[in-house]
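K.L.:
Attaching a single structure in structure tokens format; questions to follow.
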Amino acid sequence: MDSDLAEAVTALKSAFDQRKIPVQFGKAQPSEVERLRKSIKVPARFRSFLGEADPLDVETVTPVERVRFIPTAKLYDEQIGYAVPPVAGANPGDGTPPPNPNPNWRKSWIIIARSSLLGDPYFLDISKLDAEGDCPVFTAMTGTDSFKPSLCASSLQQFLRILATAMEVASGFGEAVLDDDDERTFREQLAPRIKTIDSAALRAGHWT
């Protein structure tokens with residue numbers, strides 16, 4: 001794991017410690033990670049993340065969102081019907097491919113997390129890989145006729161940083177149910193922090 005990614009992971013772990021929220025990271029087996037590289041083309045930096053910080057039970061908590069990461073063991077299954085093409089015989093006793101529930105889904109998108117509040121996916125776009133084997137993270141609202149991706153972070157490293165920062169900002173709001181004014185205040189406090197991490201993500205508006 002390179003130093004920038006390691007620092008982002010450390011910041012995320014520290015945010016969980018600060019909030020006293022239980023979390024479990026592990027280390028994925030190299031053979032598991034290699035299978036994901038071959039089957040769904042998991043990029044290098046995310047493979048490094050899984051190898052050193054497999055998110056076995058990781059869910060960030062803020063007043064406006066909960067992001068639950070998908071552990072290595074469940075990543076392939078999470079793609080079924082999305083990035084992974086349907087396979088003949090996948091329907092028991094049928095022999096026909098299952099229908100794709102989202103025809104707008106691209107093969108270059110890899111789901112790495114979901115919103116525990118809405119079920120919306122957070123996904124890498126491996127068609128936009130950089131020299132370090134990293135790529136942007138997007139989300140999109142499910143259950144609608146139009147599927148419009150929204151940028152969450154320009155890279156995995158920045159995504160982890162934003163989540164850690166959001167957790168830190170959320171620590172000042174306690175655990176009570178917040179009203180609209182509290183949520184607006186949270187977003188206003190988060191915005192300048194995101195700007196220093198990833199100005200493109202701030203402009204996209206997903207977090208604010």
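Identifiers in this document derive from the order of the structure tokens: chains are assigned A, B, ..., residues are numbered from 1 separately in each chain, and ligands are numbered from 1 in order of occurrence.
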Give me the residues near range 2-9 of chain A as a PyMOL selection string, where near means some atom within 12 Å (using only C-alpha atoms) and where sequence neighbours in that chain fewer than 6 positions away do not count.

P.N.:
chain A and resi 15-16+25+44-55+58+132-134+155-165+197

K.L.:
Would you mind listing what lies within 12 Å of Gln18 in chain A as a ChimeraX atom specification, with only C-alpha atoms counted and same-chain residues fewer than 2 positions away left out?

P.N.:
/A:11-16,20-23,164-165,167-172

K.L.:
Just the residues within 12 Å of Val42 in chain A, please, counting only C-alpha atoms, with nothing from its chain fewer than 2 positions along; format it as a PyMOL selection string.

P.N.:
chain A and resi 32-40+44-50+72+75-76+79+83+107-112+123-127+129+133-135

K.L.:
Could you write those residues out with N, CA and C atoms, as a short mmCIF file (atom, residue, chain, number, x, y, z; two decimals), in the first residue's frame?

P.N.:
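Okay, out17.cif is ready:
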data_model
loop_
_atom_site.label_atom_id
_atom_site.label_comp_id
_atom_site.auth_asym_id
_atom_site.auth_seq_id
_atom_site.Cartn_x
_atom_site.Cartn_y
_atom_site.Cartn_z
N GLU A 32 -7.58 -14.49 -3.36
CA GLU A 32 -8.91 -13.89 -3.53
C GLU A 32 -8.82 -12.62 -4.35
N VAL A 33 -7.83 -11.80 -4.03
CA VAL A 33 -7.66 -10.53 -4.73
C VAL A 33 -7.32 -10.78 -6.20
N GLU A 34 -6.50 -11.79 -6.46
CA GLU A 34 -6.13 -12.10 -7.84
C GLU A 34 -7.34 -12.57 -8.63
N ARG A 35 -8.22 -13.36 -8.01
CA ARG A 35 -9.45 -13.79 -8.69
C ARG A 35 -10.31 -12.59 -9.08
N LEU A 36 -10.38 -11.59 -8.20
CA LEU A 36 -11.16 -10.40 -8.51
C LEU A 36 -10.52 -9.59 -9.63
N ARG A 37 -9.19 -9.59 -9.67
CA ARG A 37 -8.50 -8.90 -10.77
C ARG A 37 -8.87 -9.53 -12.11
N LYS A 38 -8.91 -10.84 -12.14
CA LYS A 38 -9.21 -11.54 -13.38
C LYS A 38 -10.69 -11.49 -13.75
N SER A 39 -11.55 -11.60 -12.76
CA SER A 39 -12.99 -11.73 -13.05
C SER A 39 -13.68 -10.40 -13.30
N ILE A 40 -13.36 -9.39 -12.50
CA ILE A 40 -14.05 -8.10 -12.66
C ILE A 40 -13.08 -6.93 -12.82
N ALA A 44 -5.47 -1.76 -9.46
CA ALA A 44 -4.33 -2.00 -8.57
C ALA A 44 -4.48 -1.38 -7.19
N ARG A 45 -4.90 -0.12 -7.13
CA ARG A 45 -4.94 0.54 -5.82
C ARG A 45 -6.02 -0.05 -4.93
N PHE A 46 -7.14 -0.42 -5.51
CA PHE A 46 -8.19 -1.05 -4.71
C PHE A 46 -7.76 -2.45 -4.28
N ARG A 47 -7.01 -3.15 -5.12
CA ARG A 47 -6.47 -4.45 -4.71
C ARG A 47 -5.53 -4.28 -3.52
N SER A 48 -4.73 -3.24 -3.56
CA SER A 48 -3.82 -2.95 -2.45
C SER A 48 -4.60 -2.67 -1.17
N PHE A 49 -5.68 -1.91 -1.31
CA PHE A 49 -6.55 -1.62 -0.16
C PHE A 49 -7.11 -2.90 0.43
N LEU A 50 -7.61 -3.79 -0.41
CA LEU A 50 -8.19 -5.05 0.08
C LEU A 50 -7.14 -5.91 0.76
N THR A 72 -14.10 -8.27 0.69
CA THR A 72 -13.56 -8.99 -0.46
C THR A 72 -14.40 -10.21 -0.82
N LEU A 75 -17.51 -9.23 -2.87
CA LEU A 75 -17.42 -8.26 -3.97
C LEU A 75 -17.93 -8.82 -5.29
N TYR A 76 -17.53 -10.04 -5.64
CA TYR A 76 -17.96 -10.59 -6.92
C TYR A 76 -19.48 -10.73 -6.97
N GLN A 79 -21.57 -7.73 -7.78
CA GLN A 79 -21.60 -7.24 -9.16
C GLN A 79 -22.62 -7.97 -10.04
N ALA A 83 -22.17 -5.25 -13.14
CA ALA A 83 -20.98 -5.23 -13.98
C ALA A 83 -20.68 -6.59 -14.59
N LYS A 107 -19.87 -1.95 -17.81
CA LYS A 107 -18.95 -2.99 -17.37
C LYS A 107 -17.72 -2.41 -16.66
N SER A 108 -17.47 -1.13 -16.86
CA SER A 108 -16.31 -0.49 -16.24
C SER A 108 -16.60 -0.01 -14.82
N TRP A 109 -17.80 -0.26 -14.32
CA TRP A 109 -18.16 0.16 -12.96
C TRP A 109 -18.08 -1.03 -12.01
N ILE A 110 -17.42 -0.82 -10.87
CA ILE A 110 -17.27 -1.87 -9.86
C ILE A 110 -17.80 -1.37 -8.53
N ILE A 111 -18.85 -1.99 -8.04
CA ILE A 111 -19.44 -1.59 -6.76
C ILE A 111 -18.49 -1.95 -5.62
N ILE A 112 -18.21 -0.97 -4.75
CA ILE A 112 -17.35 -1.22 -3.60
C ILE A 112 -18.04 -0.95 -2.27
N PHE A 123 -19.39 3.19 -6.54
CA PHE A 123 -18.65 2.33 -7.46
C PHE A 123 -17.45 3.05 -8.09
N LEU A 124 -16.42 2.25 -8.39
CA LEU A 124 -15.26 2.71 -9.12
C LEU A 124 -15.60 2.76 -10.61
N ASP A 125 -14.97 3.67 -11.33
CA ASP A 125 -15.07 3.68 -12.79
C ASP A 125 -13.67 3.39 -13.33
N ILE A 126 -13.44 2.12 -13.70
CA ILE A 126 -12.10 1.72 -14.11
C ILE A 126 -11.76 2.15 -15.53
N SER A 127 -12.70 2.80 -16.21
CA SER A 127 -12.38 3.36 -17.53
C SER A 127 -11.57 4.65 -17.39
N LEU A 129 -8.84 5.08 -15.19
CA LEU A 129 -7.68 4.77 -14.36
C LEU A 129 -6.57 5.79 -14.54
N GLY A 133 -3.04 3.39 -10.85
CA GLY A 133 -4.04 2.33 -10.78
C GLY A 133 -5.23 2.69 -9.92
N ASP A 134 -5.48 3.99 -9.79
CA ASP A 134 -6.62 4.48 -9.02
C ASP A 134 -7.64 5.07 -9.99
N CYS A 135 -8.85 5.30 -9.53
CA CYS A 135 -9.89 5.84 -10.41
C CYS A 135 -10.97 6.51 -9.58
#

K.L.:
Give me, please, the distance in Å between CA of Pro30 in chain A and CA of Asp130 in chain A, quoted to one decimal.

P.N.:
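According to the coordinates, CA of Pro30 in chain A and CA of Asp130 in chain A are separated by 22.7 Å.
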
K.L.:
To one decimal place in Å, what is the distance between CA of Lys128 in chain A and CA of Ala191 in chain A?

P.N.:
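Between CA of Lys128 in chain A and CA of Ala191 in chain A the gap is 25.0 Å.
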
K.L.:
Between CA of Thr142 in chain A and CA of Ile194 in chain A, what is the distance in Å, rounded to a tenth?

P.N.:
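Distance between the two atoms: 24.7 Å.
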
K.L.:
Taking only C-alpha atoms into account, which of A:Glu188, A:Asp17, A:Glu59, A:Asp120 comes nearest Ala140 in chain A?

P.N.:
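Looking at the shortest contact to Ala140 in chain A, the residue is A:Asp120.
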
K.L.:
Just list the residues in range 2-208 of chain A DSSP gives strand (DSSP E or B) on the backbone, as an NGL selection string.

P.N.:
:A and (24-26 or 54-57 or 59-61 or 66-69 or 80 or 84 or 109-115 or 121-125 or 137-139 or 150-153)

K.L.:
Could you please take those selected residues and save N, CA and C atoms as a short mmCIF file (atom, residue, chain, number, x, y, z; two decimals), in the first residue's frame?

P.N.:
data_model
loop_
_atom_site.label_atom_id
_atom_site.label_comp_id
_atom_site.auth_asym_id
_atom_site.auth_seq_id
_atom_site.Cartn_x
_atom_site.Cartn_y
_atom_site.Cartn_z
N GLN A 24 -14.36 -3.46 11.75
CA GLN A 24 -13.45 -4.61 11.59
C GLN A 24 -12.82 -4.59 10.20
N PHE A 25 -11.51 -4.41 10.18
CA PHE A 25 -10.73 -4.55 8.96
C PHE A 25 -9.92 -5.84 9.05
N GLY A 26 -9.60 -6.40 7.90
CA GLY A 26 -8.77 -7.60 7.86
C GLY A 26 -7.76 -7.48 6.73
N ASP A 54 -8.99 -5.07 4.28
CA ASP A 54 -10.24 -5.68 3.81
C ASP A 54 -11.38 -5.24 4.73
N PRO A 55 -12.40 -4.53 4.22
CA PRO A 55 -13.47 -3.99 5.08
C PRO A 55 -14.49 -5.06 5.48
N LEU A 56 -14.13 -5.88 6.45
CA LEU A 56 -14.98 -7.00 6.86
C LEU A 56 -16.31 -6.52 7.46
N ASP A 57 -16.25 -5.44 8.24
CA ASP A 57 -17.46 -4.87 8.84
C ASP A 57 -17.20 -3.38 9.04
N GLU A 59 -18.82 0.44 8.32
CA GLU A 59 -19.92 1.31 7.92
C GLU A 59 -19.72 2.68 8.54
N THR A 60 -19.50 3.69 7.70
CA THR A 60 -19.35 5.06 8.21
C THR A 60 -20.72 5.61 8.59
N VAL A 61 -20.75 6.48 9.60
CA VAL A 61 -22.00 7.00 10.13
C VAL A 61 -21.91 8.52 10.24
N ARG A 66 -24.90 6.81 5.51
CA ARG A 66 -24.15 5.68 6.07
C ARG A 66 -23.62 4.88 4.89
N VAL A 67 -22.30 4.77 4.83
CA VAL A 67 -21.66 4.06 3.72
C VAL A 67 -21.09 2.75 4.24
N ARG A 68 -21.63 1.63 3.73
CA ARG A 68 -21.15 0.31 4.14
C ARG A 68 -20.31 -0.29 3.02
N PHE A 69 -19.05 -0.56 3.35
CA PHE A 69 -18.15 -1.18 2.39
C PHE A 69 -18.47 -2.66 2.21
N ILE A 80 -23.11 -9.13 -9.58
CA ILE A 80 -24.01 -9.93 -10.40
C ILE A 80 -25.25 -9.10 -10.79
N VAL A 84 -21.07 -7.68 -13.91
CA VAL A 84 -20.77 -9.02 -14.40
C VAL A 84 -21.86 -9.46 -15.37
N TRP A 109 -17.80 -0.26 -14.32
CA TRP A 109 -18.16 0.16 -12.96
C TRP A 109 -18.08 -1.03 -12.01
N ILE A 110 -17.42 -0.82 -10.87
CA ILE A 110 -17.27 -1.87 -9.86
C ILE A 110 -17.80 -1.37 -8.53
N ILE A 111 -18.85 -1.99 -8.04
CA ILE A 111 -19.44 -1.59 -6.76
C ILE A 111 -18.49 -1.95 -5.62
N ILE A 112 -18.21 -0.97 -4.75
CA ILE A 112 -17.35 -1.22 -3.60
C ILE A 112 -18.04 -0.95 -2.27
N ALA A 113 -19.20 -0.30 -2.33
CA ALA A 113 -19.93 0.02 -1.10
C ALA A 113 -21.37 0.35 -1.47
N ARG A 114 -22.20 0.43 -0.44
CA ARG A 114 -23.60 0.82 -0.63
C ARG A 114 -24.04 1.76 0.48
N SER A 115 -25.02 2.58 0.17
CA SER A 115 -25.66 3.39 1.19
C SER A 115 -26.58 2.50 2.02
N PRO A 121 -25.60 2.36 -4.81
CA PRO A 121 -24.22 1.86 -4.89
C PRO A 121 -23.19 2.98 -4.94
N TYR A 122 -22.03 2.71 -4.39
CA TYR A 122 -20.83 3.51 -4.60
C TYR A 122 -19.90 2.65 -5.44
N PHE A 123 -19.39 3.19 -6.54
CA PHE A 123 -18.65 2.33 -7.46
C PHE A 123 -17.45 3.05 -8.09
N LEU A 124 -16.42 2.25 -8.39
CA LEU A 124 -15.26 2.71 -9.12
C LEU A 124 -15.60 2.76 -10.61
N ASP A 125 -14.97 3.67 -11.33
CA ASP A 125 -15.07 3.68 -12.79
C ASP A 125 -13.67 3.39 -13.33
N VAL A 137 -14.60 7.58 -7.84
CA VAL A 137 -15.70 6.88 -7.19
C VAL A 137 -16.98 7.67 -7.45
N PHE A 138 -18.01 6.97 -7.90
CA PHE A 138 -19.30 7.59 -8.19
C PHE A 138 -20.41 6.93 -7.37
N THR A 139 -21.56 7.57 -7.35
CA THR A 139 -22.77 6.94 -6.84
C THR A 139 -23.91 7.32 -7.78
N SER A 150 -23.08 10.34 -10.08
CA SER A 150 -22.62 11.59 -9.49
C SER A 150 -21.25 11.33 -8.86
N LEU A 151 -20.29 12.21 -9.13
CA LEU A 151 -18.95 12.03 -8.60
C LEU A 151 -18.94 12.17 -7.08
N CYS A 152 -18.32 11.20 -6.41
CA CYS A 152 -18.14 11.26 -4.96
C CYS A 152 -16.72 11.63 -4.59
N ALA A 153 -15.76 11.16 -5.39
CA ALA A 153 -14.35 11.45 -5.15
C ALA A 153 -13.57 11.17 -6.43
#

K.L.:
Which is closer to Ala131 in chain A than all the others in A:Pro43, A:Ser116, A:Thr185, A:His206, using only C-alpha atoms?

P.N.:
A:Pro43
